[in-house]
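Colleague: What follows is a single structure, and I will ask about it in a moment.
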Amino acid sequence: MRRRLPIPAALCATALAALAALAPDAMAKEVDVDGRVALRALFSDDGLRITERAQSVFIAFLETDAQATNLTDGGLKLVLDGTFVLDATDTRERRFGRTESLDQIRQAYVEQPGLFGDRLDVALGRRLIAEAGNAWVDGLELRLHLFDGGVLGAYGGLAPDPIAYGLDIDRQATGAYLGFHNDWLDASAAYNVEFNTRDAETVRGVDYPAPNLLDRQYGFGRVHLKLADGLYLATYALVDLIDEPQVTTLLASLDYKPIPSVELGLNVSRYSLARYWDEVIYQNVIEPNQALILGDEVLALSYDRARFSVGLRFGPRYHYQSIEYKQRSLDGLDAWHYTIGIRDDDLFGLGTRVDLQAQLRDNFVSDSVLIALNAQHDLGSSVTLDGRFTWYDGQSIDDARARQFDEKQRVLLMGLSAAWRINRQHQVDVMYDGIYETELQDARNEGSLFIHTGMARYNFLF
C-alpha cells in the first residue's frame with residue numbers, strides 16, 4: 001500500500017501563533033512576523049428529511065497563513081500556509097466523489113537568504129515554487145542570484161500527496177528553473193520530473209501493477225512583457241514531455257489600453273488532462289467522475305478557448321462586454337459565451353459600488369441565461385456591507401445522444417455579508433447565502449430545493 005505520513009498540523013499552527021504573540025516582547029526588535037489566523041464556522045441546511053440522516057452540515061475551520069522573517073541576524077524566515085478543519089457533526093460532507101483532504105498544509109518551510117555574499121537562498125520544507133510552474137516538493141530548494149534580476153534555482157525531495165496533502169515516500173520530485181525580472185520583463189522557465197517508486201498495490205480490492213519509475217516530466221514557461229505604453233503580453237504554459245510533447249495548459253493574453261477610458265483584451269487558453277506515464281494514477285487517486293478513462297488509456301481531452309473583451313470608463317461608471325468561444329477535443333463540440341455588464345463605483349453619489357451583468361451561454365450540451373447583481377457599501381471606515389443576487393435558467397439541448405432524460409433548472413442565489421474591521425489586528429465577518437432551485441425536471445426528480453448557509457469568521461492579523 002502507498003505510505004503516507006501525516007504532518008503535525010496542529011503543532012505547526014500553535015507554534016506560529018505563539019511566535020506571533022511573543023514576537024513583540026520576547027524577540028529582537030528587528031524580527032518581523034505577519035500573517036493571519038482565522039477561525040471559521042459554517043452551517044448549511046437544505047430542509048430535507050428524506051433519509052434518516054439529517055441533511056445539515058456544521059464544520060469549523062482553522063486557517064493559517066503566516067511568515068516570520070529576520071529570526072536571526074542572518075534573516076532566517078519561517079513560513080506556514082495551511083488549513084486545519086474540525087468537522088463538528090462528523091458528516092464528512094462529500095458531494096462530488098473523492099475530494100482533497102480538508103486538513104491541508106500547502107507550505108511549511110524555513111528559508112535562509114543571503115548566503116555567500118547575498119547570492120544564495122536555501123529553503124527546507126514544503127514549498128510551492130511559482131518559478132517552476134507551481135512545482136510542489138517536500139525537500140530542499142537552492143536559489144542562486146546570478147545578476148540584477150536573474151535567478152537560477154534547483155529543488156529536490158518528496159512529491160506531496162495531491163489528495164491527502166501528506167508526505168508520500170513513494171513519490172519524488174526534482175527540477176530546475178531560471179528566472180529574470182526588470183521593469184519591462186518578468187519571465188521564468190523550468191524543467192520538472194516526478195518519479196514513482198512504489199511496489200504493486202491493492203486499492204479497493206483491485207490489484208494494480210507497479211508503475212514505471214518515470215511518472216511525469218514537464219516543462220514550464222511564463223512571460224509578462226511590456227511591449228509599449230499601455231500594451232502588455234502575458235503567457236503561462238505547461239508542456240508534458242512523456243511520449244509526444246503536449247501542451248496541457250496554456251494561458252495567453254494581450255491587453256491594450258490606448259487611452260485611460262478604453263481597455264481591450266484578447267485571451268486564449270487550453271486546459272487538458274496532464275499526460276502521465278503511469279495511467280493507473282487516475283484509477284488510484286481520481287474518481288471516474290473526475291477523469292475520463294477508457295481501459296488503461298487516459299483520453300486526451302482538452303478545452304481550447306478564445307475570448308475578446310472591451311471596457312469603457314465614464315467617470316465612476318465602467319461598461320464591459322466580452323465574447324468567448326470554446327472547443328473540446330472529446331466530441332468536437334463548441335460553445336459561445338457572451339457577457340455584458342456595467343459597474344458604478346459611486347451609485348447616486350452615495351458611495352455604493354454596484355455591478356450588474358448578464359451572461360448568455362450557448363454551451364456544449366446546454367443553453368443558459370444568468371443575471372447577477374452585486375452591491376457593496378461602506379458604513380464608516382470599519383464596516384462593509386455586501387449584497388448579491390443571481391438568477392440562472394438553464395436547459396439541456398443534447399438531443400443527438402441517447403439520453404434517458406432531459407434536464408431543466410432555474411436557480412436563485414442570494415446572499416448578504418458584513419465585515420467589521422475592529423482594528424488592524426482583528427476582523428469579524430458574518431455571511432448568509434441562500435440557494436433556491438426550482439423547476440427541476442428530469443426522469444428522476446421534479447420539485448424545488450432551498451439551501452440555507454450561514455458562516456461566521458474571526459481573523460487575527462499579525
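Chain labels run A, B, ... following the order of the C-alpha cells; each chain numbers its residues from 1, and ligands are numbered from 1 in the order shown.
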Near Ala132 in chain A, within 8 Å and counting only C-alpha atoms, which residues show up once chain neighbours fewer than 6 positions away are dropped, as a ChimeraX atom specification?
Modeller: /A:175-177,188-192,220
Colleague: Using only C-alpha atoms, pick whichever of A:Arg127, A:His224, A:Arg119, A:Arg317 has the shortest atom-to-atom distance to Asp346 in chain A.
Modeller: A:Arg317
Colleague: Which residue is closest to Thr248 in chain A? Choose from A:Tyr320, A:Phe460, A:Tyr232, A:Tyr271 and count only C-alpha atoms.
Modeller: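 Nearest to Thr248 in chain A: A:Tyr271.
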Colleague: List as a PDB file with N, CA and C atoms, in the first residue's frame the protein and nucleic acid residues near range 388-392 of chain A, meaning an atom at most 8 Å away when only C-alpha atoms are counted, but skip any in the same chain fewer than 3 places from it.
Modeller:
ATOM      1  N   SER A 368     -28.090  28.526 -21.391  1.00  0.00           N
ATOM      2  CA  SER A 368     -28.407  29.128 -20.102  1.00  0.00           C
ATOM      3  C   SER A 368     -28.325  30.643 -20.190  1.00  0.00           C
ATOM      4  N   VAL A 369     -29.038  31.281 -19.252  1.00  0.00           N
ATOM      5  CA  VAL A 369     -29.025  32.731 -19.086  1.00  0.00           C
ATOM      6  C   VAL A 369     -28.750  33.020 -17.618  1.00  0.00           C
ATOM      7  N   LEU A 370     -27.877  33.981 -17.354  1.00  0.00           N
ATOM      8  CA  LEU A 370     -27.532  34.343 -15.984  1.00  0.00           C
ATOM      9  C   LEU A 370     -27.543  35.861 -15.854  1.00  0.00           C
ATOM     10  N   ILE A 371     -28.191  36.350 -14.812  1.00  0.00           N
ATOM     11  CA  ILE A 371     -28.203  37.781 -14.484  1.00  0.00           C
ATOM     12  C   ILE A 371     -27.735  37.912 -13.045  1.00  0.00           C
ATOM     13  N   ALA A 372     -26.724  38.738 -12.810  1.00  0.00           N
ATOM     14  CA  ALA A 372     -26.141  38.860 -11.477  1.00  0.00           C
ATOM     15  C   ALA A 372     -26.041  40.325 -11.085  1.00  0.00           C
ATOM     16  N   LEU A 373     -26.359  40.619  -9.828  1.00  0.00           N
ATOM     17  CA  LEU A 373     -26.268  41.954  -9.265  1.00  0.00           C
ATOM     18  C   LEU A 373     -25.483  41.880  -7.966  1.00  0.00           C
ATOM     19  N   ASN A 374     -24.446  42.711  -7.835  1.00  0.00           N
ATOM     20  CA  ASN A 374     -23.649  42.796  -6.618  1.00  0.00           C
ATOM     21  C   ASN A 374     -23.581  44.254  -6.175  1.00  0.00           C
ATOM     22  N   ALA A 375     -23.741  44.471  -4.878  1.00  0.00           N
ATOM     23  CA  ALA A 375     -23.687  45.825  -4.323  1.00  0.00           C
ATOM     24  C   ALA A 375     -22.857  45.807  -3.051  1.00  0.00           C
ATOM     25  N   ARG A 410     -33.918  26.104 -12.813  1.00  0.00           N
ATOM     26  CA  ARG A 410     -33.899  27.535 -12.543  1.00  0.00           C
ATOM     27  C   ARG A 410     -33.392  27.713 -11.113  1.00  0.00           C
ATOM     28  N   VAL A 411     -32.389  28.573 -10.954  1.00  0.00           N
ATOM     29  CA  VAL A 411     -31.727  28.717  -9.659  1.00  0.00           C
ATOM     30  C   VAL A 411     -31.663  30.196  -9.288  1.00  0.00           C
ATOM     31  N   LEU A 412     -31.974  30.492  -8.047  1.00  0.00           N
ATOM     32  CA  LEU A 412     -31.810  31.824  -7.481  1.00  0.00           C
ATOM     33  C   LEU A 412     -30.775  31.739  -6.364  1.00  0.00           C
ATOM     34  N   LEU A 413     -29.761  32.572  -6.444  1.00  0.00           N
ATOM     35  CA  LEU A 413     -28.741  32.653  -5.406  1.00  0.00           C
ATOM     36  C   LEU A 413     -28.787  34.046  -4.795  1.00  0.00           C
ATOM     37  N   MET A 414     -28.837  34.107  -3.488  1.00  0.00           N
ATOM     38  CA  MET A 414     -28.907  35.392  -2.801  1.00  0.00           C
ATOM     39  C   MET A 414     -27.997  35.342  -1.584  1.00  0.00           C
ATOM     40  N   GLY A 415     -27.419  36.475  -1.274  1.00  0.00           N
ATOM     41  CA  GLY A 415     -26.509  36.482  -0.141  1.00  0.00           C
ATOM     42  C   GLY A 415     -26.310  37.870   0.420  1.00  0.00           C
ATOM     43  N   LEU A 416     -25.904  37.895   1.681  1.00  0.00           N
ATOM     44  CA  LEU A 416     -25.618  39.147   2.380  1.00  0.00           C
ATOM     45  C   LEU A 416     -24.481  38.898   3.341  1.00  0.00           C
TER      46      LEU A 416
END
Colleague: Near Phe314 in chain A, within 12 Å and counting only C-alpha atoms, which residues show up once chain neighbours fewer than 3 positions away are dropped, as a list in words?
Modeller: Pro260, Ser261, Val262, Gly311, Arg317, Tyr318, His319, Tyr320, Ile342, Arg343, Asp344, Asp345 and Asp346 of chain A
Colleague: Mind dumping the selected residues with N, CA and C atoms as a PDB file, in the first residue's frame?
Modeller:
ATOM      1  N   PRO A 260      -6.900  56.238 -21.315  1.00  0.00           N
ATOM      2  CA  PRO A 260      -7.303  55.799 -19.979  1.00  0.00           C
ATOM      3  C   PRO A 260      -8.722  55.258 -19.875  1.00  0.00           C
ATOM      4  N   SER A 261      -9.630  55.665 -20.749  1.00  0.00           N
ATOM      5  CA  SER A 261     -11.029  55.244 -20.626  1.00  0.00           C
ATOM      6  C   SER A 261     -11.383  54.012 -21.454  1.00  0.00           C
ATOM      7  N   VAL A 262     -10.428  53.438 -22.191  1.00  0.00           N
ATOM      8  CA  VAL A 262     -10.708  52.296 -23.057  1.00  0.00           C
ATOM      9  C   VAL A 262      -9.733  51.165 -22.732  1.00  0.00           C
ATOM     10  N   GLY A 311     -13.699  47.274 -22.531  1.00  0.00           N
ATOM     11  CA  GLY A 311     -14.225  48.014 -21.401  1.00  0.00           C
ATOM     12  C   GLY A 311     -14.124  49.507 -21.632  1.00  0.00           C
ATOM     13  N   ARG A 317     -18.367  55.186 -13.759  1.00  0.00           N
ATOM     14  CA  ARG A 317     -19.039  54.060 -14.396  1.00  0.00           C
ATOM     15  C   ARG A 317     -18.109  53.350 -15.371  1.00  0.00           C
ATOM     16  N   TYR A 318     -18.232  52.033 -15.386  1.00  0.00           N
ATOM     17  CA  TYR A 318     -17.381  51.213 -16.248  1.00  0.00           C
ATOM     18  C   TYR A 318     -18.273  50.193 -16.952  1.00  0.00           C
ATOM     19  N   HIS A 319     -18.302  50.251 -18.278  1.00  0.00           N
ATOM     20  CA  HIS A 319     -19.098  49.328 -19.084  1.00  0.00           C
ATOM     21  C   HIS A 319     -18.174  48.295 -19.725  1.00  0.00           C
ATOM     22  N   TYR A 320     -18.577  47.024 -19.690  1.00  0.00           N
ATOM     23  CA  TYR A 320     -17.709  45.983 -20.241  1.00  0.00           C
ATOM     24  C   TYR A 320     -18.553  44.950 -20.992  1.00  0.00           C
ATOM     25  N   ILE A 342     -22.253  46.487 -16.429  1.00  0.00           N
ATOM     26  CA  ILE A 342     -21.890  47.850 -16.083  1.00  0.00           C
ATOM     27  C   ILE A 342     -21.599  47.915 -14.597  1.00  0.00           C
ATOM     28  N   ARG A 343     -20.563  48.653 -14.247  1.00  0.00           N
ATOM     29  CA  ARG A 343     -20.166  48.824 -12.856  1.00  0.00           C
ATOM     30  C   ARG A 343     -20.138  50.310 -12.525  1.00  0.00           C
ATOM     31  N   ASP A 344     -20.710  50.645 -11.371  1.00  0.00           N
ATOM     32  CA  ASP A 344     -20.731  52.023 -10.906  1.00  0.00           C
ATOM     33  C   ASP A 344     -20.094  52.051  -9.525  1.00  0.00           C
ATOM     34  N   ASP A 345     -19.023  52.837  -9.379  1.00  0.00           N
ATOM     35  CA  ASP A 345     -18.300  52.902  -8.109  1.00  0.00           C
ATOM     36  C   ASP A 345     -18.872  53.933  -7.146  1.00  0.00           C
ATOM     37  N   ASP A 346     -19.882  54.707  -7.583  1.00  0.00           N
ATOM     38  CA  ASP A 346     -20.478  55.727  -6.708  1.00  0.00           C
ATOM     39  C   ASP A 346     -21.927  55.941  -7.126  1.00  0.00           C
TER      40      ASP A 346
END
Colleague: Using DSSP on the backbone coordinates, identify all residues within range 40-167 of chain A classified as strand (DSSP E or B); present the result as number ranges by chain.
Modeller: A: 40-45, 56-69, 77-86, 104-114, 120-129, 135-147, 150-158, 167
Colleague: Please provide as a PyMOL selection string all residues within 10 Å of range 73-84 of chain A, with the sequence filter that same-chain residues fewer than 5 positions apart are discarded (counting only C-alpha atoms).
Modeller: chain A and resi 9-10+12-13+16+28+30-39+60-68+101-115+122-127
Colleague: Just C-alpha atoms for this one: save the residues we selected as a CSV table (one decimal), in the first residue's frame.
Modeller:
chain,number,residue,atom,x,y,z
A,9,ALA,CA,-0.6,20.4,11.6
A,10,ALA,CA,-1.9,21.5,15.0
A,12,CYS,CA,2.7,24.0,13.4
A,13,ALA,CA,-0.3,26.2,13.8
A,16,LEU,CA,3.3,30.1,14.6
A,28,ALA,CA,14.6,41.1,18.9
A,30,GLU,CA,14.1,43.5,14.0
A,31,VAL,CA,12.0,40.3,13.9
A,32,ASP,CA,9.1,40.8,11.5
A,33,VAL,CA,6.1,38.5,12.0
A,34,ASP,CA,3.0,38.9,9.8
A,35,GLY,CA,0.1,36.8,8.5
A,36,ARG,CA,-3.3,35.6,9.5
A,37,VAL,CA,-5.0,33.1,11.8
A,38,ALA,CA,-8.7,32.7,11.1
A,39,LEU,CA,-11.4,30.7,12.8
A,60,ALA,CA,-15.3,24.6,11.9
A,61,PHE,CA,-12.2,25.7,10.0
A,62,LEU,CA,-8.8,26.9,11.5
A,63,GLU,CA,-6.9,28.6,8.7
A,64,THR,CA,-3.3,30.0,8.9
A,65,ASP,CA,-1.2,32.0,6.5
A,66,ALA,CA,1.9,33.4,8.3
A,67,GLN,CA,5.5,34.1,7.9
A,68,ALA,CA,8.3,35.3,10.2
A,101,SER,CA,-8.3,16.5,2.3
A,102,LEU,CA,-9.9,19.1,4.4
A,103,ASP,CA,-6.7,19.4,6.5
A,104,GLN,CA,-4.1,20.9,4.2
A,105,ILE,CA,-0.5,22.1,4.7
A,106,ARG,CA,0.2,23.9,1.4
A,107,GLN,CA,3.5,25.4,2.5
A,108,ALA,CA,5.6,24.9,5.7
A,109,TYR,CA,9.3,25.8,5.4
A,110,VAL,CA,12.3,27.7,6.7
A,111,GLU,CA,14.4,29.8,4.4
A,112,GLN,CA,17.9,31.2,4.9
A,113,PRO,CA,18.5,34.0,2.4
A,114,GLY,CA,21.7,35.9,1.6
A,115,LEU,CA,24.4,33.3,1.9
A,122,VAL,CA,18.3,27.9,0.9
A,123,ALA,CA,14.8,26.7,1.8
A,124,LEU,CA,13.9,23.5,3.6
A,125,GLY,CA,10.4,22.0,4.0
A,126,ARG,CA,7.2,22.0,1.9
A,127,ARG,CA,7.4,24.5,-0.9
Colleague: Here is a test: counting only C-alpha atoms, which residue of A:Val137, A:Leu213, A:Leu231, A:Ile242 is nearest to Leu167 in chain A?
Modeller: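 With only C-alpha atoms as the atom set, the closest residue is A:Val137.
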Colleague: From the options A:Arg353, A:Arg198, A:Arg270, A:Lys257, which residue's atoms come nearest to Val310 in chain A, counting only C-alpha atoms?
Modeller: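 Comparing A:Arg353, A:Arg198, A:Arg270, A:Lys257 against Val310 in chain A, the winner is A:Lys257.
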